[in-house]
Amino acid sequence: MEGVFAQTLASGLLIGFVYALIAVGLTMIFGVMDIVNFAHGEYLMLAMYFSFWAFALLGLDPLFSLAPIVVIMFGIGILTYYVLIRPIISAPMLSQIFVTFGLLILLRGIAQFLWKVDYRMIPETILSGNFSLAGIYIGIPQIVSALGAIVCNTVILLFLKKTRLGMALEAVAEDKEAARLMGINSDRMFALAWGIGIATVGVAGVLLSSFYYVFPEVGGNFCLIAFVVVALGGFGSVVGAFIAGIIVGLVEVLSGFLIDPSLKFLFVLALYLGVVLIRPQGLMGIK
Amino acid sequence: MGHFYEEGNLNGATENLNGTGLPTMSDFLVVNNVTKRFGGLTANQNISFSIDRGQIIGLIGPNGAGKSTLFNCISCYYNANGGSILYKGRDIARENPESVCRMGIGRTFQIVRVFKEMTVLENIMIGAFLKNTALKAAEAKAREVAELFGLTGKLDVVSSSLTIAEQKRLEVARAYATEPELLLLDEAMAGLNIQEVREAIGLVLKLRASGLTLILVEHVMEGIMPIADKVVVLDYGEKIAEGLPNEVINNDRVIQAYFGEKYNAKRRKSAA
Amino acid sequence: MKKGYLALGLFLIALVVYPLYFTDPFPQHTMIMILLYATMGIGWNIIGGYTGQVSFGNAAFFGVGAYATAVLLTNYGLSPWIGMVIGCGFSVLVAVVVGYPCFRLQGHYFAIATIAVGEIALVIFTNWQYVGGAVGIYLPIRQESFWNFQFHTSKISYYYIILSMFVFGLAVCHAVERSRLGYYLRAIKDDPDGARSLGINVQKYKLYAFMLSAILTSICGTFYAMYVLYIHPSNTFDLMLSINLCILVLIGGLGKLFGPVIGAFLFIPLTELTRVHLGSEGQGVDMIIFALIIILLATLRPQGLWGIFTKRAT
């Protein structure tokens, strides 16, 4: 019994790191320009497909396709900003919701059209198999993903806190007008936020593709979980997203273990409602 | 009742009397030691004053003095942390904006807000609906109010197409349609040219003549000083003066607040 | 004005005679689906279009209506018409319980909350054995009659029932438009804080709108249960249904009486077309088209396609 419990905890922790990674991009974009990207999960799906096709058509293991895909996703993020988001930066919230909602439908439709609805899976990656530690069996892809997520989150955090560009980004997130007065071009910062945000979720996508099914609707549930993480961590807080991701991962597996596996998702969603109704600013939120 | 809005007409405008014909109610509104804090910042500190029914009160002070905060406390967009606000004898400090409106307090906002997607008529109707629940009645009332405010020609114009001065007038008309007894106008004359200020003055006076009590937050001195029965001056969250306009203008502390110590010292020196 | 009423009259007459002319089941079914979605769209429009509160969880009302009807018929033998009323009651309850705390939330937080509620409902009904769990409920076949809400020989009676519901929905929305409620809802959408300064209890009116939305969606759930006679969580508490309602009102015209109607008349045929004619090749094409329309309208013309055909004095 103890072994199963530890097993559960471990898997929750590992997936939690990935949840954190997915949420980081979402919270960054919101923090910098107050826009909720309802299409966030679809970018995850895109990256997963890129990774799959890199494997299926080019024989590239996700380990090697990671870097080029991240670059592509960064570019897609910037493109999305300039084409779709910039025109509606000052539009009413309703319009903003509908644009990213439309983006969600668009990306999913494109995926269904190009790649059909079948479930795909990368059969075997370089880093695969199981790993045993003190009686706990963990899939190696899951560990690699968790490690990758931790590394990526740390890089982003360091970028935001230690580099000039990162601090400029945080400045814009905190007070756009003041930042402008200090010579920071908020337009470029917004584009950068989108680029980094989408690139981040791209990393998560490639990591996930090593052990998760790939299909057009895969982004949906992950996006919803990302919303929970962002709300719990505090809209706009990267550190908050990191901590909250782990919490959400643990809540998911523990509620499945202690109560009922088929109700896991319910508790995660209930967590969202609980947070926004009781403590809307989340754990570390400033907004 | 006649038209409120007549371009450039100030006949009988400068009398500071309660000409409403209603019995004077002392202490129509009593602001009693009102304090409002935001975290570490005290925006209003122990503000007290009272006004009578039918008066026009000016609320002035340098930027950041806490005037709009006080307005928000009276109209209950904020709830004061301390003190009480007695409106017609009842403490409203802990109420919410919609119930306070139903009790008879109307307001406009510092940055003009009208319903941008709706026409002038529809905007006023929203106000009229408070006391006129049926569509026909609300529409009729709104047309009446529009006439009084000189907006009849623009009834079907979407409000976002109006000039700022017209939008401000619409905002007042809309609040007027709720049939208030006390009207709070927040910087209603900001950005108006001299002609428009004169028209606004006429409007305010006619509103008072129809039975309203008014408090105006203003920076446009030539708009408020000629018509106020009493002026309350705020600075750094505190009330520093209260009295007739010409008393307040010559008040040491008031001059200091607006122009600084150096100027005040110079002025006193040259006056001596 | 007169032209509008004439057009409306012709439209309704056309709808009434439609099944007499198109006697095959397929075109009748298609029109039934259009009217069904249009009615639910009208329901969504009241809360999403007029009041500006985007809900991605209206399928919950559909499911509650469907399940209430199914359970009451299967377990207690109650007529589906009674089930419809009770279903509405439950749906209104859900609307109040969800709306009361959640309408405090800002726009996008509310939207996400509605997704959460819808998905929670899905999980609950999938795991609730009393209502059949993941398998759902097969409704008992009864003798064909209006009271039993079942017709086995032709779809024409179903058609006229859904047509009546559709007209009912239009009437409700029209009444709302020309009432204090309707004006207040538009004010709330435009500027909720400004609305409060005019004495409007924003919370209360949002709840009213949500309750109306619940009722119109719930009766459609009841209809659907009696039309397909087999319901399960995935065909009732479907997130895609909630999303599709949003899509069809967006393309047809937010906050306009006939927006959902135009939207449904575009949405259903287009999805059918791509599914039937393009088959697996065309998968997703309809979504792409809708998405482009939505994005274009959201960035350029928020009034929808309806707004393009009607002019407003500016």
# chains A, B, ... in the order shown; residues from 1 in each chain; ligands from 1
>>> closest_atom_pairs(of="stretch 22-121 of chain B", to="stretch 165-173 of chain B", cutoff="9 Å", atoms="only C-alpha atoms", output="tab-separated table")
residue	atom	partner	partner_atom	distance
B:Gly106	CA	B:Val172	CA	8.8
B:Arg107	CA	B:Val172	CA	7.6
B:Thr108	CA	B:Glu171	CA	6.3
B:Phe109	CA	B:Glu171	CA	8.4
B:Val112	CA	B:Lys168	CA	6.1
B:Arg113	CA	B:Glu171	CA	7.0
B:Val114	CA	B:Glu171	CA	6.0
B:Val120	CA	B:Leu170	CA	7.1
>>> select_by_dssp(residues="stretch 74-283 of chain C", states="strand (DSSP E)", output="number ranges by chain")
C: 137-138, 230-231
>>> write_last_selection(atoms="C-alpha atoms", output="compact mmCIF listing (two decimals), in the first residue's frame")
# COMPACT_ATOMS: atom_id res chain seq x y z
CA ILE C 137 -30.44 5.98 -20.34
CA TYR C 138 -32.46 4.25 -23.03
CA TYR C 230 -31.12 7.46 -25.94
CA ILE C 231 -29.07 9.88 -23.87
>>> residues_around(residues="B:Met125", least_positions_apart="3", cutoff="8 Å", atoms="only C-alpha atoms", output="list in words")
Leu121, Glu122, Ala128, Phe129, Ala138, Glu139, Lys141, Ala142, Arg174 and Ala177 of chain B
>>> write_last_selection(atoms="C-alpha atoms", output="CSV table (one decimal), in the first residue's frame")
chain,number,residue,atom,x,y,z
B,121,LEU,CA,-32.2,58.1,-26.1
B,122,GLU,CA,-31.3,54.6,-24.9
B,128,ALA,CA,-35.5,56.7,-16.6
B,129,PHE,CA,-36.2,53.0,-16.0
B,138,ALA,CA,-39.4,55.3,-19.6
B,139,GLU,CA,-39.1,56.4,-23.2
B,141,LYS,CA,-39.6,60.4,-19.6
B,142,ALA,CA,-36.3,60.1,-21.4
B,174,ARG,CA,-28.9,60.2,-17.7
B,177,ALA,CA,-33.5,60.7,-15.3
>>> residues_around(residues="stretch 85-90 of chain A", least_positions_apart="2", cutoff="10 Å", atoms="only C-alpha atoms", output="number ranges by chain")
A: 33-35, 37, 78-83, 92-93, 95-96, 99-100, 187, 190-191, 194; C: 298-300
>>> write_last_selection(atoms="N, CA and C atoms", output="PDB file, in the first residue's frame")
ATOM      1  N   MET A  33       0.185  41.466 -20.655  1.00  0.00           N
ATOM      2  CA  MET A  33      -0.791  42.293 -21.370  1.00  0.00           C
ATOM      3  C   MET A  33      -2.251  42.003 -21.058  1.00  0.00           C
ATOM      4  N   ASP A  34      -2.546  41.304 -19.947  1.00  0.00           N
ATOM      5  CA  ASP A  34      -3.927  41.131 -19.503  1.00  0.00           C
ATOM      6  C   ASP A  34      -4.811  40.389 -20.492  1.00  0.00           C
ATOM      7  N   ILE A  35      -4.214  39.511 -21.281  1.00  0.00           N
ATOM      8  CA  ILE A  35      -5.026  38.737 -22.220  1.00  0.00           C
ATOM      9  C   ILE A  35      -4.961  37.265 -21.849  1.00  0.00           C
ATOM     10  N   ASN A  37      -5.163  33.682 -23.056  1.00  0.00           N
ATOM     11  CA  ASN A  37      -5.048  32.990 -24.330  1.00  0.00           C
ATOM     12  C   ASN A  37      -5.834  31.682 -24.299  1.00  0.00           C
ATOM     13  N   ILE A  78       5.308  34.880 -31.976  1.00  0.00           N
ATOM     14  CA  ILE A  78       5.496  36.266 -32.403  1.00  0.00           C
ATOM     15  C   ILE A  78       4.550  36.595 -33.553  1.00  0.00           C
ATOM     16  N   LEU A  79       4.417  35.650 -34.477  1.00  0.00           N
ATOM     17  CA  LEU A  79       3.505  35.863 -35.605  1.00  0.00           C
ATOM     18  C   LEU A  79       2.081  36.066 -35.112  1.00  0.00           C
ATOM     19  N   THR A  80       1.655  35.192 -34.186  1.00  0.00           N
ATOM     20  CA  THR A  80       0.309  35.318 -33.628  1.00  0.00           C
ATOM     21  C   THR A  80       0.104  36.697 -33.039  1.00  0.00           C
ATOM     22  N   TYR A  81       1.105  37.171 -32.316  1.00  0.00           N
ATOM     23  CA  TYR A  81       0.963  38.486 -31.694  1.00  0.00           C
ATOM     24  C   TYR A  81       0.735  39.562 -32.746  1.00  0.00           C
ATOM     25  N   TYR A  82       1.620  39.606 -33.719  1.00  0.00           N
ATOM     26  CA  TYR A  82       1.539  40.708 -34.678  1.00  0.00           C
ATOM     27  C   TYR A  82       0.291  40.642 -35.550  1.00  0.00           C
ATOM     28  N   VAL A  83      -0.126  39.424 -35.924  1.00  0.00           N
ATOM     29  CA  VAL A  83      -1.268  39.318 -36.835  1.00  0.00           C
ATOM     30  C   VAL A  83      -2.598  39.451 -36.114  1.00  0.00           C
ATOM     31  N   PRO A  92     -12.387  45.804 -26.223  1.00  0.00           N
ATOM     32  CA  PRO A  92     -13.068  45.337 -25.017  1.00  0.00           C
ATOM     33  C   PRO A  92     -12.791  43.856 -24.756  1.00  0.00           C
ATOM     34  N   MET A  93     -12.901  43.481 -23.501  1.00  0.00           N
ATOM     35  CA  MET A  93     -12.550  42.111 -23.106  1.00  0.00           C
ATOM     36  C   MET A  93     -13.300  41.067 -23.910  1.00  0.00           C
ATOM     37  N   SER A  95     -14.242  41.117 -27.005  1.00  0.00           N
ATOM     38  CA  SER A  95     -13.584  40.897 -28.295  1.00  0.00           C
ATOM     39  C   SER A  95     -12.332  40.072 -28.124  1.00  0.00           C
ATOM     40  N   GLN A  96     -11.580  40.341 -27.054  1.00  0.00           N
ATOM     41  CA  GLN A  96     -10.349  39.599 -26.830  1.00  0.00           C
ATOM     42  C   GLN A  96     -10.643  38.128 -26.582  1.00  0.00           C
ATOM     43  N   VAL A  99     -11.487  36.525 -29.931  1.00  0.00           N
ATOM     44  CA  VAL A  99     -10.377  36.329 -30.860  1.00  0.00           C
ATOM     45  C   VAL A  99      -9.566  35.101 -30.479  1.00  0.00           C
ATOM     46  N   THR A 100      -9.205  34.965 -29.197  1.00  0.00           N
ATOM     47  CA  THR A 100      -8.417  33.781 -28.831  1.00  0.00           C
ATOM     48  C   THR A 100      -9.287  32.537 -28.892  1.00  0.00           C
ATOM     49  N   ASP A 187       5.302  47.327 -27.162  1.00  0.00           N
ATOM     50  CA  ASP A 187       4.903  46.511 -28.307  1.00  0.00           C
ATOM     51  C   ASP A 187       5.875  45.351 -28.482  1.00  0.00           C
ATOM     52  N   PHE A 190       5.456  42.847 -25.684  1.00  0.00           N
ATOM     53  CA  PHE A 190       4.296  41.989 -25.860  1.00  0.00           C
ATOM     54  C   PHE A 190       4.632  40.851 -26.825  1.00  0.00           C
ATOM     55  N   ALA A 191       5.279  41.218 -27.938  1.00  0.00           N
ATOM     56  CA  ALA A 191       5.646  40.200 -28.918  1.00  0.00           C
ATOM     57  C   ALA A 191       6.574  39.180 -28.285  1.00  0.00           C
ATOM     58  N   TRP A 194       4.690  36.788 -26.062  1.00  0.00           N
ATOM     59  CA  TRP A 194       4.010  35.761 -26.840  1.00  0.00           C
ATOM     60  C   TRP A 194       4.995  34.735 -27.370  1.00  0.00           C
TER      61      TRP A 194
ATOM     62  N   ALA C 298     -14.656  39.629 -34.727  1.00  0.00           N
ATOM     63  CA  ALA C 298     -14.227  40.119 -33.414  1.00  0.00           C
ATOM     64  C   ALA C 298     -13.255  41.277 -33.568  1.00  0.00           C
ATOM     65  N   THR C 299     -12.447  41.223 -34.606  1.00  0.00           N
ATOM     66  CA  THR C 299     -11.492  42.308 -34.780  1.00  0.00           C
ATOM     67  C   THR C 299     -12.097  43.491 -35.527  1.00  0.00           C
ATOM     68  N   LEU C 300     -13.020  43.230 -36.425  1.00  0.00           N
ATOM     69  CA  LEU C 300     -13.511  44.319 -37.254  1.00  0.00           C
ATOM     70  C   LEU C 300     -14.937  44.742 -36.939  1.00  0.00           C
TER      71      LEU C 300
END
>>> atom_distance(atom1="atom CA of A:Leu224", atom2="atom CA of A:Gly16")
13.9 Å
>>> interface_residues(of="chain B", to="chain C", cutoff="6 Å", atoms="only C-alpha atoms", output="list in words")
Pro97, Glu98, Cys101, Arg102, Phe115, Gly127, Leu135, Val157 and Val158 of chain B
>>> closest_atom_pairs(of="chain A", to="chain C", cutoff="8 Å", atoms="only C-alpha atoms", output="CSV")
residue,atom,partner,partner_atom,distance
A:Val36,CA,C:His108,CA,7.1
A:Pro87,CA,C:Thr299,CA,7.0
A:Ile88,CA,C:Thr299,CA,6.4
A:Met93,CA,C:Gly107,CA,7.1
A:Leu94,CA,C:Gly52,CA,7.1
A:Ser95,CA,C:Ala298,CA,5.2
A:Gln96,CA,C:Ala298,CA,7.7
A:Ile97,CA,C:His108,CA,6.9
A:Phe98,CA,C:Ala298,CA,6.2
A:Val99,CA,C:Ile295,CA,5.1
A:Gly102,CA,C:Ala291,CA,4.7
A:Leu103,CA,C:Ala291,CA,6.6
A:Ile105,CA,C:Ala291,CA,5.5
A:Leu106,CA,C:Ile288,CA,4.9
A:Leu107,CA,C:Ile288,CA,7.8
A:Arg108,CA,C:Gly284,CA,7.5
A:Gly109,CA,C:Gly284,CA,4.2
A:Ile110,CA,C:Gly284,CA,6.3
A:Ala111,CA,C:Gly284,CA,7.5
A:Gln112,CA,C:Gly284,CA,5.0
A:Phe113,CA,C:Gly284,CA,4.8
A:Lys116,CA,C:Gln283,CA,6.9
A:Leu224,CA,C:Ala116,CA,7.9
A:Phe227,CA,C:Ile112,CA,7.6
A:Ser262,CA,C:Asn127,CA,7.4
A:Leu263,CA,C:Val123,CA,6.6
A:Phe265,CA,C:Val123,CA,7.6
A:Leu266,CA,C:Ile120,CA,5.3
A:Leu269,CA,C:Ala116,CA,5.5
A:Ala270,CA,C:Ala116,CA,7.5
A:Tyr272,CA,C:Ala113,CA,7.6
A:Leu273,CA,C:Ala113,CA,6.4
A:Val276,CA,C:Tyr109,CA,7.7
A:Leu277,CA,C:Pro101,CA,6.9
>>> decode(residues="stretch 255-266 of chain B", atoms="C-alpha atoms", output="short mmCIF file (atom, residue, chain, number, x, y, z; two decimals), in the first residue's frame")
data_model
loop_
_atom_site.label_atom_id
_atom_site.label_comp_id
_atom_site.auth_asym_id
_atom_site.auth_seq_id
_atom_site.Cartn_x
_atom_site.Cartn_y
_atom_site.Cartn_z
CA ILE B 255 -3.39 79.32 -1.23
CA GLN B 256 -0.53 77.36 0.23
CA ALA B 257 -2.05 74.12 -0.94
CA TYR B 258 -2.45 75.28 -4.51
CA PHE B 259 0.58 77.46 -4.95
CA GLY B 260 3.02 76.33 -2.36
CA GLU B 261 4.66 77.99 0.59
CA LYS B 262 7.05 80.19 -1.33
CA TYR B 263 4.28 81.88 -3.30
CA ASN B 264 2.17 82.31 -0.21
CA ALA B 265 5.01 83.95 1.65
CA LYS B 266 5.66 86.31 -1.25
#
